[in-house]
$ cat run.cif   # mmCIF, C-alpha atoms
data_entry
loop_
_atom_site.group_PDB
_atom_site.id
_atom_site.type_symbol
_atom_site.label_atom_id
_atom_site.label_comp_id
_atom_site.auth_asym_id
_atom_site.auth_seq_id
_atom_site.Cartn_x
_atom_site.Cartn_y
_atom_site.Cartn_z
ATOM 1 C CA MET A 1 58.330 -26.638 36.969
ATOM 2 C CA ARG A 2 57.052 -26.580 40.550
ATOM 3 C CA ALA A 3 54.285 -24.126 41.358
ATOM 4 C CA ALA A 4 51.569 -23.193 43.843
ATOM 5 C CA PHE A 5 48.265 -23.367 41.987
ATOM 6 C CA ILE A 6 44.529 -23.906 42.218
ATOM 7 C CA GLU A 7 42.158 -25.929 40.059
ATOM 8 C CA THR A 8 39.017 -24.201 41.342
ATOM 9 C CA LEU A 9 38.160 -21.074 43.300
ATOM 10 C CA GLY A 10 38.070 -21.764 46.992
ATOM 11 C CA ALA A 11 39.781 -21.749 50.365
ATOM 12 C CA PRO A 12 43.510 -21.555 51.185
ATOM 13 C CA GLU A 13 43.687 -25.332 51.524
ATOM 14 C CA ASP A 14 42.653 -25.615 47.872
ATOM 15 C CA ILE A 15 46.094 -24.344 46.868
ATOM 16 C CA ARG A 16 48.211 -27.244 45.657
ATOM 17 C CA TYR A 17 51.979 -27.425 45.345
ATOM 18 C CA GLY A 18 53.230 -29.607 42.536
ATOM 19 C CA VAL A 19 54.545 -29.852 39.008
ATOM 20 C CA LEU A 20 53.007 -27.952 36.089
ATOM 21 C CA PRO A 21 54.222 -27.505 32.508
ATOM 22 C CA ALA A 22 56.642 -24.618 32.078
ATOM 23 C CA PRO A 23 54.898 -21.434 30.896
ATOM 24 C CA ARG A 24 54.590 -20.667 27.219
ATOM 25 C CA THR A 25 55.839 -17.245 26.212
ATOM 26 C CA GLY A 26 54.490 -15.048 23.451
ATOM 27 C CA PRO A 27 56.536 -12.768 21.218
ATOM 28 C CA ALA A 28 56.100 -9.803 23.604
ATOM 29 C CA ASP A 29 56.816 -11.825 26.770
ATOM 30 C CA VAL A 30 59.879 -12.368 28.922
ATOM 31 C CA LEU A 31 60.541 -15.724 30.579
ATOM 32 C CA VAL A 32 61.707 -15.168 34.160
ATOM 33 C CA ASP A 33 63.357 -17.562 36.604
ATOM 34 C CA VAL A 34 61.631 -16.630 39.853
ATOM 35 C CA VAL A 35 63.935 -15.789 42.759
ATOM 36 C CA ALA A 36 61.216 -14.698 45.181
ATOM 37 C CA THR A 37 57.484 -14.069 45.325
ATOM 38 C CA THR A 38 55.088 -13.069 48.093
ATOM 39 C CA VAL A 39 51.430 -13.081 49.153
ATOM 40 C CA ASN A 40 49.181 -10.007 49.047
ATOM 41 C CA PRO A 41 45.595 -9.593 50.258
ATOM 42 C CA VAL A 42 44.511 -9.324 46.617
ATOM 43 C CA ASP A 43 45.942 -12.799 45.993
ATOM 44 C CA THR A 44 43.478 -14.196 48.507
ATOM 45 C CA PHE A 45 40.647 -12.273 46.832
ATOM 46 C CA VAL A 46 41.498 -13.771 43.438
ATOM 47 C CA ARG A 47 41.921 -17.294 44.849
ATOM 48 C CA SER A 48 38.585 -17.164 46.683
ATOM 49 C CA GLY A 49 36.645 -15.482 43.880
ATOM 50 C CA ALA A 50 35.979 -12.311 45.896
ATOM 51 C CA PHE A 51 37.692 -10.389 43.101
ATOM 52 C CA ARG A 52 36.391 -11.720 39.818
ATOM 53 C CA THR A 53 38.906 -11.848 36.995
ATOM 54 C CA ALA A 54 39.695 -14.068 34.031
ATOM 55 C CA LEU A 55 41.514 -17.247 35.128
ATOM 56 C CA ASP A 56 42.646 -20.364 33.291
ATOM 57 C CA PHE A 57 42.897 -23.503 35.422
ATOM 58 C CA PRO A 58 45.192 -24.831 36.674
ATOM 59 C CA PHE A 59 45.920 -21.296 37.815
ATOM 60 C CA VAL A 60 49.232 -20.283 39.394
ATOM 61 C CA VAL A 61 48.550 -17.851 42.253
ATOM 62 C CA GLY A 62 50.426 -14.681 43.099
ATOM 63 C CA ARG A 63 51.071 -11.185 41.759
ATOM 64 C CA ASP A 64 54.665 -10.271 42.548
ATOM 65 C CA LEU A 65 58.063 -11.624 41.644
ATOM 66 C CA VAL A 66 61.716 -10.775 41.513
ATOM 67 C CA GLY A 67 63.750 -12.959 39.210
ATOM 68 C CA THR A 68 66.296 -13.214 36.427
ATOM 69 C CA VAL A 69 65.555 -13.104 32.720
ATOM 70 C CA ALA A 70 65.827 -16.569 31.150
ATOM 71 C CA ALA A 71 64.604 -15.777 27.615
ATOM 72 C CA VAL A 72 63.251 -12.818 25.683
ATOM 73 C CA GLY A 73 60.528 -12.802 23.034
ATOM 74 C CA PRO A 74 61.370 -11.535 19.530
ATOM 75 C CA LEU A 75 59.319 -8.355 19.956
ATOM 76 C CA VAL A 76 60.924 -7.428 23.286
ATOM 77 C CA SER A 77 63.614 -4.805 23.685
ATOM 78 C CA GLY A 78 65.318 -3.497 26.797
ATOM 79 C CA PHE A 79 65.761 -6.840 28.539
ATOM 80 C CA ALA A 80 68.569 -9.384 28.233
ATOM 81 C CA VAL A 81 69.195 -12.846 29.634
ATOM 82 C CA GLY A 82 70.524 -12.558 33.170
ATOM 83 C CA ASP A 83 68.907 -9.211 33.998
ATOM 84 C CA LEU A 84 67.455 -8.939 37.510
ATOM 85 C CA VAL A 85 63.825 -7.848 37.145
ATOM 86 C CA TRP A 86 60.515 -7.508 38.979
ATOM 87 C CA SER A 87 56.797 -7.455 38.284
ATOM 88 C CA ASN A 88 53.757 -6.817 40.452
ATOM 89 C CA SER A 89 50.828 -7.426 38.112
ATOM 90 C CA LEU A 90 50.688 -11.108 37.284
ATOM 91 C CA GLY A 91 47.944 -13.486 38.415
ATOM 92 C CA HIS A 92 44.859 -11.737 37.074
ATOM 93 C CA ALA A 93 43.163 -10.714 33.802
ATOM 94 C CA GLY A 94 44.155 -13.957 32.121
ATOM 95 C CA ARG A 95 47.793 -13.877 33.231
ATOM 96 C CA GLN A 96 49.161 -16.794 35.212
ATOM 97 C CA GLY A 97 50.677 -15.940 38.572
ATOM 98 C CA ALA A 98 54.142 -15.620 40.047
ATOM 99 C CA ALA A 99 54.208 -18.466 42.598
ATOM 100 C CA ALA A 100 56.270 -20.804 40.448
ATOM 101 C CA GLU A 101 59.823 -21.544 39.475
ATOM 102 C CA ARG A 102 59.278 -19.766 36.152
ATOM 103 C CA ALA A 103 56.834 -17.142 34.903
ATOM 104 C CA ALA A 104 55.992 -15.587 31.555
ATOM 105 C CA VAL A 105 55.753 -11.820 32.040
ATOM 106 C CA PRO A 106 54.503 -9.333 29.430
ATOM 107 C CA ALA A 107 57.415 -6.986 28.775
ATOM 108 C CA ASP A 108 55.275 -3.919 29.502
ATOM 109 C CA ARG A 109 54.670 -5.220 33.044
ATOM 110 C CA LEU A 110 58.316 -5.971 33.808
ATOM 111 C CA TYR A 111 60.893 -3.609 35.335
ATOM 112 C CA HIS A 112 64.624 -3.750 36.056
ATOM 113 C CA LEU A 113 65.595 -4.044 39.712
ATOM 114 C CA PRO A 114 68.085 -1.333 40.691
ATOM 115 C CA ALA A 115 71.630 -2.536 41.277
ATOM 116 C CA GLY A 116 72.390 -3.517 44.839
ATOM 117 C CA VAL A 117 68.764 -3.919 45.949
ATOM 118 C CA ASP A 118 68.088 -7.162 47.794
ATOM 119 C CA PRO A 119 65.469 -9.240 45.902
ATOM 120 C CA VAL A 120 63.755 -10.344 49.121
ATOM 121 C CA ARG A 121 63.389 -6.762 50.345
ATOM 122 C CA ALA A 122 62.195 -5.640 46.927
ATOM 123 C CA VAL A 123 59.524 -8.287 46.406
ATOM 124 C CA ALA A 124 58.112 -7.485 49.830
ATOM 125 C CA VAL A 125 57.433 -3.833 48.986
ATOM 126 C CA VAL A 126 56.766 -3.467 45.252
ATOM 127 C CA HIS A 127 53.029 -4.193 45.413
ATOM 128 C CA PRO A 128 52.080 -2.060 48.429
ATOM 129 C CA ALA A 129 54.385 0.733 47.261
ATOM 130 C CA ALA A 130 52.886 0.812 43.770
ATOM 131 C CA THR A 131 49.417 0.839 45.322
ATOM 132 C CA ALA A 132 50.480 3.782 47.477
ATOM 133 C CA TYR A 133 51.860 5.658 44.483
ATOM 134 C CA LEU A 134 48.635 5.262 42.520
ATOM 135 C CA GLY A 135 46.557 6.386 45.489
ATOM 136 C CA LEU A 136 48.663 9.454 46.194
ATOM 137 C CA PHE A 137 49.472 10.697 42.723
ATOM 138 C CA THR A 138 47.418 9.047 39.966
ATOM 139 C CA HIS A 139 44.120 9.306 41.861
ATOM 140 C CA GLY A 140 44.978 11.749 44.647
ATOM 141 C CA GLY A 141 46.832 14.411 42.663
ATOM 142 C CA LEU A 142 49.249 15.002 45.532
ATOM 143 C CA ARG A 143 51.608 17.972 45.336
ATOM 144 C CA ALA A 144 54.356 19.275 47.596
ATOM 145 C CA GLY A 145 53.207 21.243 50.605
ATOM 146 C CA ARG A 146 49.842 19.508 50.907
ATOM 147 C CA THR A 147 48.608 17.762 54.064
ATOM 148 C CA VAL A 148 47.980 14.028 53.804
ATOM 149 C CA LEU A 149 46.143 11.980 56.415
ATOM 150 C CA VAL A 150 46.999 8.270 56.346
ATOM 151 C CA CYS A 151 44.726 6.102 58.493
ATOM 152 C CA GLY A 152 46.316 2.730 59.195
ATOM 153 C CA ALA A 153 49.825 4.027 58.556
ATOM 154 C CA ALA A 154 51.647 1.062 60.107
ATOM 155 C CA GLY A 155 50.537 -1.501 57.536
ATOM 156 C CA ASN A 156 52.345 -2.367 54.328
ATOM 157 C CA VAL A 157 50.432 0.078 52.131
ATOM 158 C CA GLY A 158 50.193 2.620 54.939
ATOM 159 C CA ALA A 159 53.952 2.744 55.500
ATOM 160 C CA ALA A 160 54.509 3.109 51.751
ATOM 161 C CA LEU A 161 51.974 5.955 51.649
ATOM 162 C CA VAL A 162 53.924 7.753 54.354
ATOM 163 C CA ALA A 163 57.290 7.227 52.660
ATOM 164 C CA LEU A 164 56.100 8.334 49.218
ATOM 165 C CA ALA A 165 54.161 11.342 50.517
ATOM 166 C CA VAL A 166 57.109 12.552 52.589
ATOM 167 C CA ASP A 167 59.392 12.074 49.588
ATOM 168 C CA ALA A 168 57.023 14.277 47.558
ATOM 169 C CA GLY A 169 57.284 17.089 50.090
ATOM 170 C CA ALA A 170 53.894 16.606 51.708
ATOM 171 C CA ARG A 171 53.092 16.959 55.392
ATOM 172 C CA VAL A 172 51.907 13.605 56.715
ATOM 173 C CA VAL A 173 49.566 13.033 59.644
ATOM 174 C CA ALA A 174 49.088 9.372 60.528
ATOM 175 C CA THR A 175 46.888 7.214 62.709
ATOM 176 C CA ALA A 176 47.810 3.753 63.953
ATOM 177 C CA ALA A 177 47.601 1.462 66.967
ATOM 178 C CA ALA A 178 49.509 2.591 70.044
ATOM 179 C CA ARG A 179 52.139 -0.114 69.572
ATOM 180 C CA ASP A 180 52.910 1.212 66.086
ATOM 181 C CA LEU A 181 53.220 4.941 66.754
ATOM 182 C CA ALA A 182 57.016 4.951 66.953
ATOM 183 C CA TYR A 183 57.288 3.017 63.700
ATOM 184 C CA CYS A 184 55.103 5.570 61.915
ATOM 185 C CA ARG A 185 57.286 8.403 63.198
ATOM 186 C CA GLU A 186 60.365 6.579 61.932
ATOM 187 C CA SER A 187 58.669 6.304 58.542
ATOM 188 C CA GLY A 188 58.491 10.103 58.370
ATOM 189 C CA ALA A 189 55.023 11.059 59.615
ATOM 190 C CA GLU A 190 55.061 14.486 61.281
ATOM 191 C CA VAL A 191 52.101 13.797 63.586
ATOM 192 C CA VAL A 192 51.123 10.299 64.712
ATOM 193 C CA LEU A 193 47.944 9.595 66.694
ATOM 194 C CA ASP A 194 46.448 6.531 68.339
ATOM 195 C CA TYR A 195 43.337 5.615 66.376
ATOM 196 C CA ARG A 196 41.714 4.301 69.575
ATOM 197 C CA ASP A 197 42.074 7.634 71.363
ATOM 198 C CA PRO A 198 38.552 8.782 72.387
ATOM 199 C CA ALA A 199 39.630 12.329 71.539
ATOM 200 C CA LEU A 200 40.979 11.396 68.096
ATOM 201 C CA ALA A 201 38.619 13.682 66.182
ATOM 202 C CA GLU A 202 39.662 16.700 68.240
ATOM 203 C CA ARG A 203 43.363 15.821 67.977
ATOM 204 C CA LEU A 204 43.108 15.472 64.207
ATOM 205 C CA ALA A 205 41.405 18.835 63.940
ATOM 206 C CA GLU A 206 44.198 20.386 66.027
ATOM 207 C CA ALA A 207 46.870 18.710 63.901
ATOM 208 C CA CYS A 208 45.251 19.875 60.647
ATOM 209 C CA PRO A 209 43.900 23.385 61.345
ATOM 210 C CA GLY A 210 43.666 24.143 57.624
ATOM 211 C CA GLY A 211 42.061 20.815 56.836
ATOM 212 C CA VAL A 212 43.298 17.682 55.080
ATOM 213 C CA ASP A 213 44.069 17.886 51.370
ATOM 214 C CA LEU A 214 44.217 14.128 50.824
ATOM 215 C CA TYR A 215 42.630 11.439 53.023
ATOM 216 C CA LEU A 216 43.446 7.740 52.668
ATOM 217 C CA ASP A 217 42.267 4.918 54.932
ATOM 218 C CA THR A 218 44.109 1.627 54.459
ATOM 219 C CA SER A 219 42.054 -0.095 57.155
ATOM 220 C CA GLY A 220 38.933 -0.139 55.017
ATOM 221 C CA VAL A 221 36.743 1.410 57.743
ATOM 222 C CA ASN A 222 36.028 4.409 55.485
ATOM 223 C CA ASP A 223 34.281 6.672 57.983
ATOM 224 C CA LEU A 224 33.229 9.192 55.357
ATOM 225 C CA ALA A 225 31.368 11.412 57.791
ATOM 226 C CA ALA A 226 34.548 11.988 59.781
ATOM 227 C CA ALA A 227 36.676 12.206 56.648
ATOM 228 C CA VAL A 228 34.560 14.857 54.950
ATOM 229 C CA GLY A 229 34.548 16.894 58.140
ATOM 230 C CA LEU A 230 38.349 16.938 58.129
ATOM 231 C CA LEU A 231 38.801 17.854 54.471
ATOM 232 C CA ALA A 232 40.149 21.204 53.371
ATOM 233 C CA PRO A 233 38.353 23.027 50.566
ATOM 234 C CA ARG A 234 38.847 20.986 47.394
ATOM 235 C CA GLY A 235 40.257 18.134 49.459
ATOM 236 C CA ARG A 236 39.996 14.595 48.205
ATOM 237 C CA ILE A 237 39.290 11.180 49.693
ATOM 238 C CA VAL A 238 40.889 8.217 47.940
ATOM 239 C CA LEU A 239 39.321 4.837 48.679
ATOM 240 C CA LEU A 240 41.634 1.834 48.338
ATOM 241 C CA ALA A 241 40.355 -0.739 50.838
ATOM 242 C CA GLY A 242 37.148 -1.993 52.410
ATOM 243 C CA ALA A 243 35.226 -3.659 49.599
ATOM 244 C CA ALA A 244 32.469 -4.665 52.021
ATOM 245 C CA SER A 245 32.139 -1.283 53.744
ATOM 246 C CA ARG A 246 28.921 0.695 53.244
ATOM 247 C CA PRO A 247 29.490 4.068 54.929
ATOM 248 C CA VAL A 248 27.132 7.031 54.931
ATOM 249 C CA LEU A 249 28.295 9.878 52.678
ATOM 250 C CA PRO A 250 27.516 13.404 53.905
ATOM 251 C CA VAL A 251 26.795 14.760 50.446
ATOM 252 C CA GLY A 252 26.020 18.349 51.420
ATOM 253 C CA PRO A 253 29.286 19.104 53.236
ATOM 254 C CA LEU A 254 31.222 17.277 50.501
ATOM 255 C CA TYR A 255 30.003 19.384 47.626
ATOM 256 C CA MET A 256 29.754 22.630 49.582
ATOM 257 C CA LYS A 257 33.538 22.439 50.092
ATOM 258 C CA ASP A 258 34.197 21.465 46.441
ATOM 259 C CA CYS A 259 35.585 18.138 47.653
ATOM 260 C CA SER A 260 35.684 14.810 45.839
ATOM 261 C CA ILE A 261 36.042 11.072 46.329
ATOM 262 C CA ALA A 262 37.968 8.695 44.083
ATOM 263 C CA GLY A 263 38.290 4.941 44.342
ATOM 264 C CA PHE A 264 40.658 2.524 42.677
ATOM 265 C CA VAL A 265 42.134 -0.937 42.700
ATOM 266 C CA ILE A 266 45.606 -1.577 41.333
ATOM 267 C CA SER A 267 44.239 -4.414 39.211
ATOM 268 C CA HIS A 268 42.637 -1.835 36.901
ATOM 269 C CA ALA A 269 45.748 0.324 36.515
ATOM 270 C CA THR A 270 47.001 0.801 32.972
ATOM 271 C CA THR A 271 50.473 -0.316 31.989
ATOM 272 C CA ALA A 272 51.476 3.360 31.716
ATOM 273 C CA GLU A 273 50.255 4.014 35.270
ATOM 274 C CA LEU A 274 52.065 0.923 36.542
ATOM 275 C CA ALA A 275 55.265 2.009 34.800
ATOM 276 C CA ALA A 276 55.094 5.451 36.428
ATOM 277 C CA ALA A 277 54.604 3.786 39.797
ATOM 278 C CA ALA A 278 57.504 1.415 39.102
ATOM 279 C CA ALA A 279 59.841 4.321 38.340
ATOM 280 C CA ALA A 280 59.016 5.926 41.690
ATOM 281 C CA VAL A 281 59.316 2.603 43.524
ATOM 282 C CA ASN A 282 62.713 1.915 41.926
ATOM 283 C CA ARG A 283 63.996 5.369 42.877
ATOM 284 C CA LEU A 284 63.085 4.886 46.528
ATOM 285 C CA LEU A 285 64.336 1.294 46.551
ATOM 286 C CA ALA A 286 67.704 2.420 45.218
ATOM 287 C CA ALA A 287 67.860 5.130 47.880
ATOM 288 C CA GLY A 288 67.047 2.630 50.642
ATOM 289 C CA ARG A 289 63.822 4.459 51.538
ATOM 290 C CA LEU A 290 61.412 1.571 50.990
ATOM 291 C CA ARG A 291 61.931 -1.243 53.455
ATOM 292 C CA PRO A 292 59.563 -3.921 54.721
ATOM 293 C CA ARG A 293 59.034 -3.737 58.462
ATOM 294 C CA ALA A 294 59.605 -7.466 58.989
ATOM 295 C CA VAL A 295 60.131 -10.307 56.538
ATOM 296 C CA GLU A 296 59.631 -14.021 57.005
ATOM 297 C CA VAL A 297 61.118 -16.251 54.294
ATOM 298 C CA LEU A 298 59.428 -19.586 53.580
ATOM 299 C CA PRO A 299 59.540 -22.139 50.764
ATOM 300 C CA LEU A 300 57.096 -21.840 47.896
ATOM 301 C CA SER A 301 55.371 -24.970 49.162
ATOM 302 C CA ALA A 302 54.064 -22.910 52.123
ATOM 303 C CA ALA A 303 51.768 -20.813 49.907
ATOM 304 C CA ALA A 304 48.541 -22.382 51.208
ATOM 305 C CA ARG A 305 49.556 -21.865 54.837
ATOM 306 C CA VAL A 306 50.462 -18.241 54.196
ATOM 307 C CA HIS A 307 47.118 -17.551 52.489
ATOM 308 C CA GLY A 308 45.402 -18.939 55.574
ATOM 309 C CA ARG A 309 47.498 -16.855 57.943
ATOM 310 C CA MET A 310 46.742 -13.719 55.955
ATOM 311 C CA GLU A 311 43.004 -14.352 55.998
ATOM 312 C CA ARG A 312 43.130 -14.921 59.773
ATOM 313 C CA GLY A 313 44.896 -11.578 60.292
ATOM 314 C CA GLU A 314 48.111 -13.139 61.572
ATOM 315 C CA LEU A 315 50.578 -11.129 59.453
ATOM 316 C CA HIS A 316 50.316 -7.665 61.026
ATOM 317 C CA GLY A 317 53.450 -5.707 60.166
ATOM 318 C CA ARG A 318 54.988 -8.740 58.493
ATOM 319 C CA ARG A 319 55.586 -9.772 54.898
ATOM 320 C CA VAL A 320 56.092 -13.396 53.946
ATOM 321 C CA VAL A 321 58.415 -14.027 51.013
ATOM 322 C CA LEU A 322 58.251 -17.391 49.259
ATOM 323 C CA ARG A 323 61.387 -18.797 47.658
ATOM 324 C CA PRO A 324 61.225 -21.416 44.892
ATOM 325 C CA GLY A 325 63.781 -24.133 45.380
ATOM 326 C CA ASP A 326 63.908 -23.827 49.156
ATOM 327 C CA PRO A 327 63.318 -27.116 50.992
ATOM 328 C CA ALA A 328 59.701 -27.859 51.916
#
$ encode --input "run.cif" --output "structure tokens"
Amino acid sequence: MRAAFIETLGAPEDIRYGVLPAPRTGPADVLVDVVATTVNPVDTFVRSGAFRTALDFPFVVGRDLVGTVAAVGPLVSGFAVGDLVWSNSLGHAGRQGAAAERAAVPADRLYHLPAGVDPVRAVAVVHPAATAYLGLFTHGGLRAGRTVLVCGAAGNVGAALVALAVDAGARVVATAAARDLAYCRESGAEVVLDYRDPALAERLAEACPGGVDLYLDTSGVNDLAAAVGLLAPRGRIVLLAGAASRPVLPVGPLYMKDCSIAGFVISHATTAELAAAAAAVNRLLAAGRLRPRAVEVLPLSAAARVHGRMERGELHGRRVVLRPGDPA
């Protein structure tokens, strides 16, 4: 099969496109013919070694796929040849990735794609949307009627945070660049503010007079001093970006308000947590409420170029979907 793979940790140009042996499947695996895959920031972290995880070389890159079931292991139930399926947790912890014509997927990390959902649209949103679900509910404990502040609400994870929080009955306040304010309103945010506004702190305080119950910053800036000041009693900050950030934590105000901070990466989510996220993602996909802002479709052979573009910050508001079998 043809695949995008690496033989050592390194730069985007170390990704090769060529022929590898077809994947071997175990008794609890499903063999999937890949229809579409994509590139996430975490894929660049794994490829470069910034996120350390078990890898076997040659290593096929990529987390996410939508595809059709080609074969089912003897211990697998619930899947049949021809089913349209998706996964968003390949390419780490010893599992080969999704950027290939075929992939072996553990059955407990594979989900049916709802009928009528476009595979290209789906593969572009399943990873950021599952990340958003985990941040809001698994680690954030979000409930209806609460106030959520999403910093960086125009990005892939940010837009999913807004959509999922609004769906849960929360009130969403968002910050974004001026050019993205209208998009955030369209996503369902009740209040949208320019993060470059010199009066942002005052405007946030006005927008959230009772404080913020859940604070999430997708930009990775993690200004904890400002965040703690905005929190409501027993509010929570969920950290999901900014591995290199080293902010100052105002401990006194944090504990005096009974507040807390939780951090997570989707790579450590359990299969049960991923399945709960997948159920929510599928429900919103089927309802047409999870849509990528812009999609660019390229052949699988473009994987190295796309990794480079992502690392250079050239994919703002855009998802690149890679299609096996498309001409190079």
$ resolve_selection --input "run.cif" --expression "the PyMOL selection byres ((chain A and resi 36-42) around 9)" --output "PyMOL selection string"
chain A and resi 34-35+43-47+51+61-67+98-100+119-120+123-124+127-128+267+300+303+306-307+310-311+319-324
$ atom_distance --input "run.cif" --atom1 "CA of Val60 in chain A" --atom2 "CA of Pro23 in chain A"
10.3 Å
$ atom_distance --input "run.cif" --atom1 "CA of Arg283 in chain A" --atom2 "CA of Asp83 in chain A"
17.8 Å
$ resolve_selection --input "run.cif" --expression "the PyMOL selection byres ((chain A and resi 282) around 9)" --output "ChimeraX atom specification"
/A:111-114,126,277-281,283-287
$ atom_distance --input "run.cif" --atom1 "CA of Asn88 in chain A" --atom2 "CA of Thr131 in chain A"
10.1 Å
$ residues_around --input "run.cif" --residues "Leu142 in chain A" --least-positions-apart "5" --cutoff "12 Å" --atoms "all atoms listed in the file" --output "list in words"
Ala132, Tyr133, Leu134, Gly135, Leu136, Phe137, Thr147, Val148, Leu149, Leu161, Leu164, Ala165, Val166, Asp167, Ala168, Gly169, Ala170, Arg171, Val172, Val212, Asp213, Leu214, Tyr215, Leu216, Gly235, Arg236, Ile237 and Val238 of chain A
$ resolve_selection --input "run.cif" --expression "the PyMOL selection byres ((chain A and resi 243-248) around 12)" --output "VMD selection string"
chain A and resid 41 to 42 45 50 to 51 217 to 228 239 to 242 249 to 252 254 263 to 265
$ axis_aligned_box --input "run.cif" --around "range 147-156 of chain A" --padding-each-side "8 Å" --output "lines of an AutoDock Vina configuration file"
center_x = 48.5
center_y = 7.7
center_z = 57.0
size_x = 23.6
size_y = 36.1
size_z = 22.3
$ closest_residue --input "run.cif" --among "A:Val162, A:Cys259, A:Val192, A:Leu274" --to "Ala178 in chain A" --atoms "all atoms listed in the file"
A:Val192
$ closest_residue --input "run.cif" --among "A:Glu7, A:Asp29, A:Glu314, A:Glu13" --to "Ala302 in chain A" --atoms "all atoms listed in the file"
A:Glu13
$ residues_around --input "run.cif" --residues "range 197-206 of chain A" --least-positions-apart "5" --cutoff "9 Å" --atoms "only C-alpha atoms" --output "compact mmCIF listing (two decimals) with C-alpha atoms, in the coordinates of the input"
# COMPACT_ATOMS: atom_id res chain seq x y z
CA VAL A 173 49.57 13.03 59.64
CA GLY A 211 42.06 20.82 56.84
CA ALA A 226 34.55 11.99 59.78
CA LEU A 230 38.35 16.94 58.13
$ decode --input "run.cif" --residues "range 42-86 of chain A" --atoms "C-alpha atoms" --output "compact mmCIF listing (two decimals), in the first residue's frame"
# COMPACT_ATOMS: atom_id res chain seq x y z
CA VAL A 42 -0.48 16.72 17.43
CA ASP A 43 0.68 14.87 14.31
CA THR A 44 3.53 17.34 13.98
CA PHE A 45 4.38 16.88 17.67
CA VAL A 46 4.60 13.10 17.26
CA ARG A 47 6.62 13.35 14.02
CA SER A 48 9.12 15.78 15.55
CA GLY A 49 9.41 14.02 18.90
CA ALA A 50 7.92 16.94 20.85
CA PHE A 51 5.28 14.51 22.12
CA ARG A 52 7.03 11.32 23.12
CA THR A 53 5.12 8.13 22.44
CA ALA A 54 5.87 4.56 21.41
CA LEU A 55 6.60 4.33 17.67
CA ASP A 56 7.71 1.50 15.40
CA PHE A 57 9.63 2.56 12.30
CA PRO A 58 8.79 2.90 9.51
CA PHE A 59 5.97 4.82 11.16
CA VAL A 60 2.85 5.91 9.28
CA VAL A 61 1.87 9.41 10.42
CA GLY A 62 -1.59 10.72 11.21
CA ARG A 63 -4.40 10.31 13.74
CA ASP A 64 -7.69 10.58 11.89
CA LEU A 65 -9.42 8.66 9.14
CA VAL A 66 -12.75 8.04 7.53
CA GLY A 67 -12.94 4.85 5.52
CA THR A 68 -14.79 1.65 4.73
CA VAL A 69 -14.42 -1.65 6.55
CA ALA A 70 -12.42 -4.15 4.47
CA ALA A 71 -12.11 -6.99 7.01
CA VAL A 72 -13.07 -7.70 10.60
CA GLY A 73 -11.10 -9.62 13.22
CA PRO A 74 -12.67 -12.73 14.80
CA LEU A 75 -13.17 -11.02 18.16
CA VAL A 76 -14.89 -7.96 16.67
CA SER A 77 -18.62 -7.39 16.72
CA GLY A 78 -20.67 -4.45 15.52
CA PHE A 79 -18.78 -3.85 12.28
CA ALA A 80 -19.26 -5.42 8.86
CA VAL A 81 -17.44 -5.21 5.54
CA GLY A 82 -18.53 -2.08 3.70
CA ASP A 83 -19.45 -0.03 6.78
CA LEU A 84 -18.42 3.63 6.65
CA VAL A 85 -16.39 4.33 9.80
CA TRP A 86 -14.04 6.82 11.45
